[in-house]
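Novice: Got a file for you: data.cif, mmCIF, C-alpha atoms.
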data_protein
loop_
_atom_site.label_atom_id
_atom_site.label_comp_id
_atom_site.auth_asym_id
_atom_site.auth_seq_id
_atom_site.Cartn_x
_atom_site.Cartn_y
_atom_site.Cartn_z
CA MET A 11 146.34 136.48 206.61
CA GLN A 12 148.42 137.38 203.61
CA LEU A 13 151.13 135.13 205.05
CA ILE A 14 148.82 132.13 205.39
CA LYS A 15 147.60 132.62 201.83
CA GLU A 16 151.14 132.76 200.54
CA VAL A 17 152.18 129.69 202.54
CA LYS A 18 149.21 127.72 201.23
CA PHE A 19 149.98 128.76 197.69
CA LEU A 20 153.67 127.89 197.94
CA ILE A 21 152.96 124.47 199.45
CA GLY A 22 150.47 123.90 196.66
CA LYS A 23 153.18 124.84 194.17
CA GLU A 24 155.66 122.40 195.71
CA LEU A 25 153.11 119.59 195.74
CA LEU A 26 152.10 120.31 192.16
CA LEU A 27 155.71 120.32 190.98
CA GLU A 28 156.28 117.10 192.87
CA TRP A 29 153.16 115.53 191.41
CA ARG A 30 154.20 116.43 187.90
CA SER A 31 157.71 115.10 188.01
CA LYS A 32 157.34 112.58 190.86
CA TYR A 33 161.09 112.83 191.06
CA ALA A 34 161.86 113.66 194.67
CA LEU A 35 159.64 111.16 196.37
CA ASN A 36 160.28 108.26 194.00
CA GLY A 37 163.97 108.98 193.92
CA VAL A 38 164.33 109.16 197.67
CA VAL A 39 162.13 106.14 198.31
CA LEU A 40 164.23 104.14 195.87
CA TYR A 41 167.36 105.44 197.60
CA VAL A 42 166.12 104.33 201.02
CA VAL A 43 164.89 100.97 199.83
CA SER A 44 168.11 100.15 198.05
CA THR A 45 170.19 101.31 201.03
CA ILE A 46 168.14 99.11 203.35
CA PHE A 47 168.58 96.25 200.95
CA VAL A 48 172.33 96.74 200.79
CA CYS A 49 172.40 96.73 204.59
CA PHE A 50 170.27 93.60 204.67
CA LEU A 51 172.60 91.82 202.28
CA SER A 52 175.62 92.82 204.34
CA PHE A 53 174.22 92.19 207.83
CA VAL A 54 171.67 89.44 207.05
CA SER A 55 170.18 89.53 210.53
CA LEU A 56 170.10 92.30 213.08
CA SER A 57 168.42 93.09 216.30
CA GLY A 58 168.39 95.47 219.22
CA VAL A 59 170.94 98.26 219.42
CA THR A 60 172.54 97.70 216.02
CA TRP A 61 169.17 97.50 214.31
CA ASN A 62 168.25 100.83 215.85
CA ALA A 63 171.54 102.59 215.09
CA LEU A 64 171.54 101.39 211.49
CA PHE A 65 168.00 102.64 210.96
CA TRP A 66 168.92 106.13 212.08
CA ILE A 67 172.09 106.20 210.00
CA ILE A 68 170.09 105.21 206.93
CA MET A 69 167.49 107.86 207.72
CA LEU A 70 170.17 110.48 208.25
CA PHE A 71 171.62 110.06 204.78
CA ALA A 72 168.24 109.63 203.12
CA SER A 73 166.91 112.80 204.69
CA ILE A 74 170.00 114.81 203.77
CA ASN A 75 169.41 113.75 200.17
CA ALA A 76 165.68 114.35 200.32
CA VAL A 77 165.71 117.73 202.00
CA SER A 78 168.85 119.28 200.54
CA LYS A 79 167.17 119.42 197.16
CA SER A 80 164.63 121.95 198.44
CA PHE A 81 166.96 124.90 198.02
CA LEU A 82 169.96 123.46 196.24
CA GLN A 83 168.04 122.39 193.18
CA GLU A 84 166.13 125.55 192.53
CA SER A 85 167.56 127.65 189.77
CA LYS A 86 168.69 131.21 190.43
CA GLY A 87 166.00 132.50 188.12
CA ARG A 88 163.20 130.73 189.90
CA GLN A 89 164.48 131.88 193.29
CA LEU A 90 164.43 135.45 192.06
CA TYR A 91 160.91 134.99 190.73
CA ILE A 92 159.67 133.66 194.09
CA TYR A 93 161.53 136.47 195.82
CA THR A 94 159.49 139.04 193.99
CA LEU A 95 156.21 137.28 194.74
CA ALA A 96 156.32 136.00 198.31
CA SER A 97 157.68 137.08 201.67
CA PRO A 98 160.71 135.16 202.96
CA LEU A 99 158.73 133.97 205.98
CA ALA A 100 156.11 132.39 203.75
CA LEU A 101 158.85 130.72 201.77
CA ILE A 102 160.69 129.14 204.69
CA ILE A 103 157.44 128.06 206.36
CA SER A 104 156.13 126.46 203.19
CA LYS A 105 159.42 124.73 202.41
CA THR A 106 159.64 123.41 205.96
CA ILE A 107 156.08 122.12 205.97
CA TYR A 108 156.56 120.49 202.59
CA ASN A 109 159.77 118.85 203.75
CA VAL A 110 158.14 117.64 206.96
CA LEU A 111 155.39 116.00 204.92
CA LEU A 112 157.92 114.45 202.55
CA MET A 113 160.05 113.16 205.41
CA LEU A 114 157.08 111.74 207.33
CA LEU A 115 156.01 109.76 204.31
CA LEU A 116 159.56 108.67 203.64
CA THR A 117 160.33 107.58 207.21
CA LEU A 118 157.14 105.58 207.54
CA ILE A 119 157.79 103.78 204.25
CA ALA A 120 161.38 103.17 205.31
CA LEU A 121 160.37 101.89 208.74
CA ALA A 122 157.80 99.53 207.25
CA PHE A 123 160.29 98.14 204.76
CA TYR A 124 163.05 97.96 207.36
CA THR A 125 161.00 95.95 209.83
CA LEU A 126 159.80 93.72 206.99
CA VAL A 127 163.27 92.94 205.65
CA PHE A 128 165.01 92.40 208.96
CA ASP A 129 162.00 90.68 210.47
CA TYR A 130 162.42 92.44 213.79
CA VAL A 131 159.79 94.49 215.56
CA PRO A 132 160.58 96.74 218.55
CA GLN A 133 158.69 95.83 221.70
CA ASP A 134 156.91 99.15 221.89
CA MET A 135 156.17 99.79 218.21
CA LEU A 136 153.90 102.76 218.92
CA LEU A 137 156.63 104.64 220.81
CA TYR A 138 159.10 103.76 218.05
CA ILE A 139 156.76 105.30 215.48
CA VAL A 140 156.43 108.39 217.67
CA ALA A 141 160.23 108.58 217.74
CA THR A 142 160.48 108.32 213.96
CA ILE A 143 157.81 110.99 213.52
CA LEU A 144 159.62 113.35 215.90
CA GLY A 145 162.88 112.49 214.17
CA SER A 146 161.61 113.23 210.71
CA ILE A 147 160.20 116.56 211.86
CA SER A 148 163.49 117.65 213.41
CA PHE A 149 165.56 116.34 210.49
CA SER A 150 163.50 118.24 207.96
CA MET A 151 163.45 121.47 209.97
CA ILE A 152 167.20 121.52 210.52
CA PHE A 153 168.10 120.38 207.02
CA THR A 154 165.76 122.91 205.39
CA MET A 155 167.52 125.81 207.11
CA VAL A 156 171.00 124.39 206.55
CA SER A 157 170.28 123.70 202.89
CA ALA A 158 169.20 127.31 202.53
CA ILE A 159 172.53 128.40 204.01
CA ALA A 160 174.49 125.95 201.86
CA SER A 161 172.69 126.98 198.68
CA LYS A 162 173.43 130.65 199.35
CA ALA A 163 177.07 129.73 199.85
CA GLY A 164 176.86 128.30 196.36
CA ASN A 165 178.75 125.14 197.16
CA GLY A 166 176.39 122.19 197.10
CA GLY A 167 176.63 118.77 198.65
CA MET A 168 179.74 118.69 200.75
CA LEU A 169 179.07 121.95 202.57
CA MET A 170 175.57 120.69 203.31
CA SER A 171 176.84 117.66 205.21
CA ILE A 172 179.66 119.52 206.98
CA LEU A 173 177.27 122.18 208.20
CA SER A 174 174.42 119.90 209.17
CA PHE A 175 176.16 116.97 210.86
CA PRO A 176 177.28 118.76 214.00
CA VAL A 177 173.85 120.37 214.27
CA ILE A 178 172.02 117.08 213.82
CA ILE A 179 174.19 114.98 216.17
CA PRO A 180 172.45 116.15 219.37
CA VAL A 181 169.10 115.31 217.81
CA ILE A 182 170.31 111.88 216.73
CA THR A 183 171.70 111.00 220.15
CA VAL A 184 168.40 111.89 221.80
CA LEU A 185 166.48 109.99 219.12
CA ILE A 186 168.61 106.89 219.53
CA LYS A 187 168.06 107.02 223.27
CA LEU A 188 164.31 107.40 222.82
CA SER A 189 164.03 104.63 220.25
CA LYS A 190 166.24 102.39 222.39
CA ASN A 191 163.66 102.80 225.14
CA ALA A 192 161.01 101.74 222.65
CA ILE A 193 163.04 98.69 221.62
CA ASP A 194 163.49 97.59 225.21
CA GLY A 195 159.81 98.19 225.83
CA LEU A 196 160.45 100.41 228.83
CA ASP A 197 157.58 102.16 230.51
CA ARG A 198 156.56 105.18 228.45
CA SER A 199 156.91 107.61 231.32
CA VAL A 200 160.69 107.01 231.18
CA SER A 201 160.83 108.50 227.70
CA LEU A 202 159.02 111.74 228.47
CA ASP A 203 162.34 113.53 229.10
CA GLU A 204 163.65 112.70 225.65
CA ILE A 205 160.39 113.66 223.94
CA GLY A 206 160.51 116.97 225.81
CA ILE A 207 164.07 117.66 224.71
CA LEU A 208 163.25 116.83 221.09
CA LEU A 209 160.27 119.15 221.13
CA THR A 210 162.38 121.91 222.70
CA ILE A 211 165.07 121.50 220.05
CA ASN A 212 162.40 121.66 217.34
CA VAL A 213 160.91 124.84 218.77
CA LEU A 214 164.38 126.38 219.05
CA VAL A 215 165.27 125.49 215.48
CA ALA A 216 161.94 126.75 214.18
CA ALA A 217 162.28 130.05 216.02
CA PHE A 218 165.84 130.64 214.83
CA SER A 219 164.98 129.66 211.26
CA LEU A 220 162.11 132.13 211.18
CA LEU A 221 164.29 134.86 212.65
CA LEU A 222 167.31 134.30 210.45
CA PHE A 223 165.89 133.29 207.09
CA PRO A 224 164.73 136.80 206.05
CA TYR A 225 168.35 137.99 206.43
CA LEU A 226 169.60 135.09 204.37
CA TRP A 227 167.06 135.48 201.62
CA LYS A 228 167.66 139.07 200.60
CA ASP A 229 170.83 139.45 198.58
CA MET B 28 200.99 152.18 228.58
CA ASN B 29 197.93 153.74 230.09
CA ILE B 30 196.95 152.12 233.36
CA SER B 31 193.32 153.16 233.09
CA GLN B 32 193.02 151.28 229.80
CA SER B 33 195.08 148.22 230.50
CA TRP B 34 194.33 147.52 234.15
CA TRP B 35 192.23 144.48 233.23
CA LYS B 36 195.09 142.97 231.26
CA ILE B 37 197.36 143.28 234.28
CA LEU B 38 194.61 141.87 236.46
CA GLY B 39 194.18 138.89 234.12
CA ALA B 40 197.90 138.19 234.03
CA ILE B 41 198.18 138.40 237.81
CA LEU B 42 195.18 136.12 238.32
CA VAL B 43 196.53 133.50 235.92
CA ILE B 44 200.03 133.59 237.45
CA TYR B 45 198.55 133.44 240.95
CA SER B 46 196.27 130.53 240.13
CA THR B 47 199.03 128.61 238.35
CA VAL B 48 201.53 129.02 241.17
CA TYR B 49 199.05 128.39 243.95
CA GLY B 50 197.38 125.67 241.91
CA PHE B 51 200.55 123.63 242.27
CA LEU B 52 201.58 124.76 245.74
CA SER B 53 198.39 125.05 247.77
CA SER B 54 197.08 122.10 249.71
CA VAL B 55 194.17 120.13 248.31
CA PRO B 56 191.82 117.65 249.95
CA ALA B 57 193.17 114.11 249.71
CA LEU B 58 190.62 112.17 247.70
CA PRO B 59 190.60 108.65 246.27
CA ILE B 60 191.15 108.26 242.49
CA LEU B 61 191.66 111.99 241.98
CA HIS B 62 194.60 112.37 244.36
CA GLU B 63 196.83 115.25 243.32
CA SER B 64 195.30 115.34 239.82
CA ILE B 65 192.50 117.38 241.36
CA ARG B 66 194.75 120.37 240.68
CA ASN B 67 193.82 120.03 237.01
CA LEU B 68 190.49 121.56 238.00
CA TYR B 69 192.25 124.92 238.00
CA PHE B 70 193.28 124.49 234.36
CA HIS B 71 190.71 122.26 232.71
CA VAL B 72 187.47 123.96 233.76
CA PRO B 73 188.53 127.60 233.14
CA MET B 74 189.32 126.66 229.51
CA TRP B 75 185.66 125.79 228.94
CA PHE B 76 184.45 128.94 230.64
CA ALA B 77 186.75 131.03 228.48
CA MET B 78 185.60 129.18 225.35
CA ILE B 79 181.92 129.73 226.14
CA VAL B 80 182.50 133.42 226.86
CA LEU B 81 184.37 133.86 223.57
CA PHE B 82 181.69 132.06 221.56
CA THR B 83 179.04 134.23 223.20
CA ILE B 84 181.00 137.32 222.19
CA SER B 85 181.12 135.94 218.66
CA VAL B 86 177.34 135.48 218.51
CA PHE B 87 176.89 138.98 219.88
CA HIS B 88 178.99 140.39 217.04
CA SER B 89 177.23 138.23 214.47
CA ILE B 90 173.88 139.64 215.57
CA LYS B 91 175.39 143.10 215.41
CA PHE B 92 176.61 142.39 211.89
CA LEU B 93 173.13 141.39 210.72
CA ASN B 94 171.84 144.67 212.10
CA ASN B 95 174.44 147.11 210.84
CA GLY B 96 176.44 145.21 208.23
CA SER B 97 179.75 146.63 209.36
CA GLU B 98 182.89 144.76 208.40
CA ASP B 99 184.29 145.32 211.86
CA SER B 100 181.63 143.18 213.54
CA ASP B 101 182.28 140.33 211.15
CA LEU B 102 185.97 140.50 211.88
CA LYS B 103 185.35 140.42 215.61
CA ALA B 104 182.94 137.51 215.27
CA VAL B 105 185.44 135.35 213.42
CA GLN B 106 188.39 136.25 215.61
CA SER B 107 186.53 135.42 218.80
CA VAL B 108 185.64 132.04 217.28
CA ASN B 109 189.33 131.54 216.46
CA ALA B 110 190.35 132.34 220.02
CA GLY B 111 187.50 130.24 221.43
CA ILE B 112 188.53 127.20 219.40
CA VAL B 113 192.04 127.39 220.87
CA PHE B 114 190.55 127.28 224.36
CA GLY B 115 188.22 124.47 223.35
CA ILE B 116 191.14 122.38 222.09
CA LEU B 117 193.08 123.11 225.29
CA GLY B 118 190.01 122.07 227.28
CA ILE B 119 189.77 118.78 225.39
CA VAL B 120 193.51 118.11 225.80
CA THR B 121 193.63 118.89 229.52
CA GLY B 122 190.49 116.79 229.94
CA ALA B 123 191.99 113.87 228.02
CA ILE B 124 195.15 113.97 230.14
CA TRP B 125 193.08 114.07 233.29
CA ALA B 126 190.91 111.21 232.05
CA ARG B 127 193.99 109.15 231.23
CA PHE B 128 195.04 109.16 234.87
CA THR B 129 191.68 109.01 236.63
CA TRP B 130 189.35 107.05 234.31
CA GLY B 131 192.04 104.89 232.77
CA GLN B 132 191.97 106.03 229.15
CA ALA B 133 192.25 109.34 227.38
CA TRP B 134 188.95 109.00 225.52
CA SER B 135 186.43 107.19 227.63
CA PHE B 136 182.93 107.11 226.20
CA ASP B 137 181.86 110.04 228.31
CA VAL B 138 178.94 112.19 227.22
CA LYS B 139 180.51 115.49 228.15
CA GLN B 140 183.72 114.63 226.35
CA ASN B 141 181.85 113.56 223.21
CA PHE B 142 179.52 116.53 223.12
CA ALA B 143 182.30 119.00 223.74
CA ALA B 144 184.11 117.54 220.73
CA ILE B 145 180.96 117.91 218.63
CA ALA B 146 180.51 121.50 219.79
CA LEU B 147 184.00 122.17 218.46
CA LEU B 148 183.02 120.52 215.16
CA LEU B 149 180.24 123.11 214.86
CA TYR B 150 182.78 125.89 214.95
CA PHE B 151 185.17 124.12 212.58
CA ALA B 152 182.21 123.90 210.20
CA TYR B 153 181.73 127.63 210.66
CA LEU B 154 185.32 128.30 209.65
CA ILE B 155 185.06 125.99 206.64
CA LEU B 156 181.85 127.73 205.58
CA ARG B 157 183.79 130.98 205.62
CA ASN B 158 186.51 129.52 203.45
CA ALA B 159 183.97 128.28 200.94
CA ILE B 160 182.68 131.75 200.07
CA ASP B 161 184.83 134.25 198.22
CA GLU B 162 182.72 137.36 198.19
CA GLU B 163 183.37 139.23 201.45
CA GLN B 164 180.00 140.75 202.21
CA LYS B 165 178.22 137.54 201.36
CA ARG B 166 180.66 135.49 203.44
CA ALA B 167 180.11 137.74 206.41
CA LYS B 168 176.34 137.52 206.17
CA ILE B 169 176.01 133.78 205.61
CA SER B 170 178.55 132.87 208.27
CA ALA B 171 176.88 135.22 210.75
CA ILE B 172 173.60 133.43 210.12
CA TYR B 173 175.19 130.02 210.60
CA ASN B 174 176.94 131.22 213.74
CA ILE B 175 173.68 132.35 215.30
CA PHE B 176 171.93 129.18 214.16
CA ALA B 177 174.66 127.00 215.66
CA PHE B 178 174.81 128.76 219.01
CA PRO B 179 171.60 127.33 220.55
CA MET B 180 172.76 123.90 219.39
CA MET B 181 176.03 124.41 221.24
CA VAL B 182 174.09 125.38 224.35
CA VAL B 183 172.00 122.23 224.02
CA LEU B 184 175.15 120.15 223.51
CA LEU B 185 177.06 121.54 226.44
CA PHE B 186 174.36 122.21 229.00
CA VAL B 187 171.25 120.14 228.28
CA LEU B 188 172.30 116.79 226.83
CA PRO B 189 174.98 115.92 229.41
CA ARG B 190 172.26 116.02 232.04
CA ILE B 191 170.20 113.22 230.51
CA GLY B 192 173.11 110.82 230.14
CA ASP B 193 175.46 109.39 232.71
CA SER B 194 178.81 111.09 232.73
CA LEU B 195 181.98 110.14 234.50
CA HIS B 196 182.49 113.77 235.38
CA PRO B 197 182.10 114.73 239.02
CA GLY B 198 178.55 115.75 239.75
CA ASN B 199 177.04 113.49 237.07
CA GLY B 200 175.59 110.02 236.98
CA GLY B 201 175.77 109.39 240.71
CA ASN B 202 179.31 110.69 241.06
CA PRO B 203 179.57 113.22 243.82
CA GLY B 204 180.20 116.76 242.60
CA PHE B 205 183.13 118.80 243.70
CA ASN B 206 180.86 120.49 246.22
CA ALA B 207 180.27 117.13 247.87
CA TYR B 208 184.00 116.51 247.77
CA ASP B 209 184.12 119.70 249.74
CA LEU B 210 185.61 121.91 247.10
CA ASP B 211 186.63 123.60 250.27
CA SER B 212 187.41 127.23 250.71
CA ARG B 213 191.08 126.55 250.00
CA MET B 214 190.27 125.29 246.52
CA ARG B 215 187.72 127.99 245.85
CA MET B 216 190.38 130.59 246.59
CA VAL B 217 192.30 129.32 243.58
CA PHE B 218 189.50 128.10 241.34
CA TYR B 219 187.47 131.30 241.03
CA PRO B 220 190.49 133.54 240.31
CA ALA B 221 191.65 130.96 237.76
CA CYS B 222 188.31 131.13 235.93
CA ALA B 223 188.26 134.94 235.96
CA GLY B 224 191.91 135.12 234.92
CA TRP B 225 191.60 132.77 231.97
CA ILE B 226 188.43 134.45 230.75
CA ILE B 227 190.23 137.81 230.80
CA ILE B 228 193.26 136.34 229.03
CA GLY B 229 190.96 134.81 226.42
CA TYR B 230 189.28 138.14 225.84
CA TRP B 231 192.67 139.78 225.56
CA ILE B 232 193.86 137.26 222.95
CA TYR B 233 190.68 137.88 220.99
CA THR B 234 191.14 141.66 221.01
CA LEU B 235 194.73 141.22 219.85
CA LEU B 236 193.69 138.89 217.02
CA ALA B 237 190.96 141.29 215.96
CA ARG B 238 193.31 144.25 215.97
CA VAL B 239 196.01 142.43 214.02
CA THR B 240 193.63 141.31 211.28
CA LYS B 241 192.18 144.80 211.10
CA LEU B 242 195.65 146.24 210.53
CA GLU B 243 196.48 143.57 207.97
CA LYS B 244 193.34 144.39 206.09
CA LYS B 245 194.21 148.06 206.07
CA LYS B 246 197.63 147.26 204.69
CA THR B 247 196.34 145.22 201.77
CA LEU B 248 193.80 147.82 200.78
#
When written as structure tokens, how does the structure in this file appear?

Specialist:
Amino acid sequence: MQLIKEVKFLIGKELLLEWRSKYALNGVVLYVVSTIFVCFLSFVSLSGVTWNALFWIIMLFASINAVSKSFLQESKGRQLYIYTLASPLALIISKTIYNVLLMLLLTLIALAFYTLVFDYVPQDMLLYIVATILGSISFSMIFTMVSAIASKAGNGGMLMSILSFPVIIPVITVLIKLSKNAIDGLDRSVSLDEIGILLTINVLVAAFSLLLFPYLWKD
Amino acid sequence: MNISQSWWKILGAILVIYSTVYGFLSSVPALPILHESIRNLYFHVPMWFAMIVLFTISVFHSIKFLNNGSEDSDLKAVQSVNAGIVFGILGIVTGAIWARFTWGQAWSFDVKQNFAAIALLLYFAYLILRNAIDEEQKRAKISAIYNIFAFPMMVVLLFVLPRIGDSLHPGNGGNPGFNAYDLDSRMRMVFYPACAGWIIIGYWIYTLLARVTKLEKKKTL
């Protein structure tokens, strides 16, 4: 019960901070929109496999930027302050949930803008949205944990991408397969395998994050 | 040399010598495409087994480090990764040579090949993470955490994902496996000892690396 209370409070804190500065969301949305626009200006028209691959590459970099801030940007002092107040489990759960929310919002905005600009809609839009939702959940879970590791290593951006890319590649390959099915409008039962694997990876990552974060958090 | 302590080293050496000699001399089933290159089975596959065993040892020591915080466990974890990476690179190289002669090019777009390369990237990232941190205790802890976090991903990469895609490897994507090729008893007689031998040799290399670094550390202190 204590844990749930702490989690609720910490998520509230994150949302409040976000609401006050409106930095993370606006910044990342602008980042995604301008990236999509740059891609539009360079490719002009796209469809099928390339459209899909480009979307996930854009989302990969946007989510690294969006999520890495969760630990990297907090000052040492504030981390210490939270350390004295809340349990590490509450902290990692709240950060993950906050990042999942942020990423969901971000991916849906990005997908809407992306389909609008390139004027291309996958045949099975519903399945594609399911894929993006699953994708944003796995991205934010993995990146939250890796950004915690990178921030403890005290060596920001580059370490973050080196550590997270090999971990995220299996997720991305499954996601691209799943969303390719959606683009081709294949029968949904074909995609159940991929959805299962994504869910399994998410459960694995969540379990290992919960197990390992308390060790990481105490200095 | 005490035979009761080093019998497994002798066993490993004998197994590797036996499998190398017999790997080239013994008769193999005559198969299309593979032809005599099927002998690479005795060298390519054991590399991966040895790598996986060494990485598992590394995770075991990382978990141990998180529990007891001893410097020794950290040292063992990193040295088994070092030894495992050598076997991983050998596995990729032997695979690429094999692919060159059976599939036509060294790097075909094959899922197993790609994912094995990515699994190695994970461990290169681990080593770079270690280099990025100066403070020893902190380095040990953070890299142990990353090592444990990366391990399930490696399992997914090597054992789960190749099954959903089509691979050119035998046994995948409609290709008959070696069992269907009748990996007959003649080949088994060489293949299993080869796997056991290379795993033992890998373990031996790792213990040597760990002991050398331990001594070096003692010297600098």

Novice: Residues picked by the PyMOL selection byres ((chain B) within 7 of (chain A)) here, as a PyMOL selection string?

Specialist: chain B and resi 145+148-149+152+160+169+172+176-177+180+184

Novice: Keeping only C-alpha atoms, write the selected residues to a file as a compact mmCIF listing (two decimals), keeping the file's coordinate frame.

Specialist:
# COMPACT_ATOMS: atom_id res chain seq x y z
CA ILE B 145 180.96 117.91 218.63
CA LEU B 148 183.02 120.52 215.16
CA LEU B 149 180.24 123.11 214.86
CA ALA B 152 182.21 123.90 210.20
CA ILE B 160 182.68 131.75 200.07
CA ILE B 169 176.01 133.78 205.61
CA ILE B 172 173.60 133.43 210.12
CA PHE B 176 171.93 129.18 214.16
CA ALA B 177 174.66 127.00 215.66
CA MET B 180 172.76 123.90 219.39
CA LEU B 184 175.15 120.15 223.51

Novice: Once the PyMOL selection byres ((chain A and resi 154) around 8) has been applied to the shown file, what residues remain in the selection, as a PyMOL selection string?

Specialist: chain A and resi 77-78+80-81+105-106+109+150-153+155-158

Novice: Which is closest to Phe53 (chain A) among A:Ile205, A:Val127, A:Ala192, A:Leu137, if we use all atoms listed in the file?

Specialist: A:Val127

Novice: Here's the selection I'm unsure about, the PyMOL selection byres ((chain A and resi 123) around 12); applied to the file above, which residues does it give, as a PyMOL selection string?

Specialist: chain A and resi 39-40+42-47+50+65+116-122+124-131

Novice: Between B:Met214, B:Ile84, B:Val183, B:Ile116, single out the one closest to Ser53 (chain B), counting all atoms listed in the file.

Specialist: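 Result for the nearest residue to Ser53 (chain B): B:Met214.
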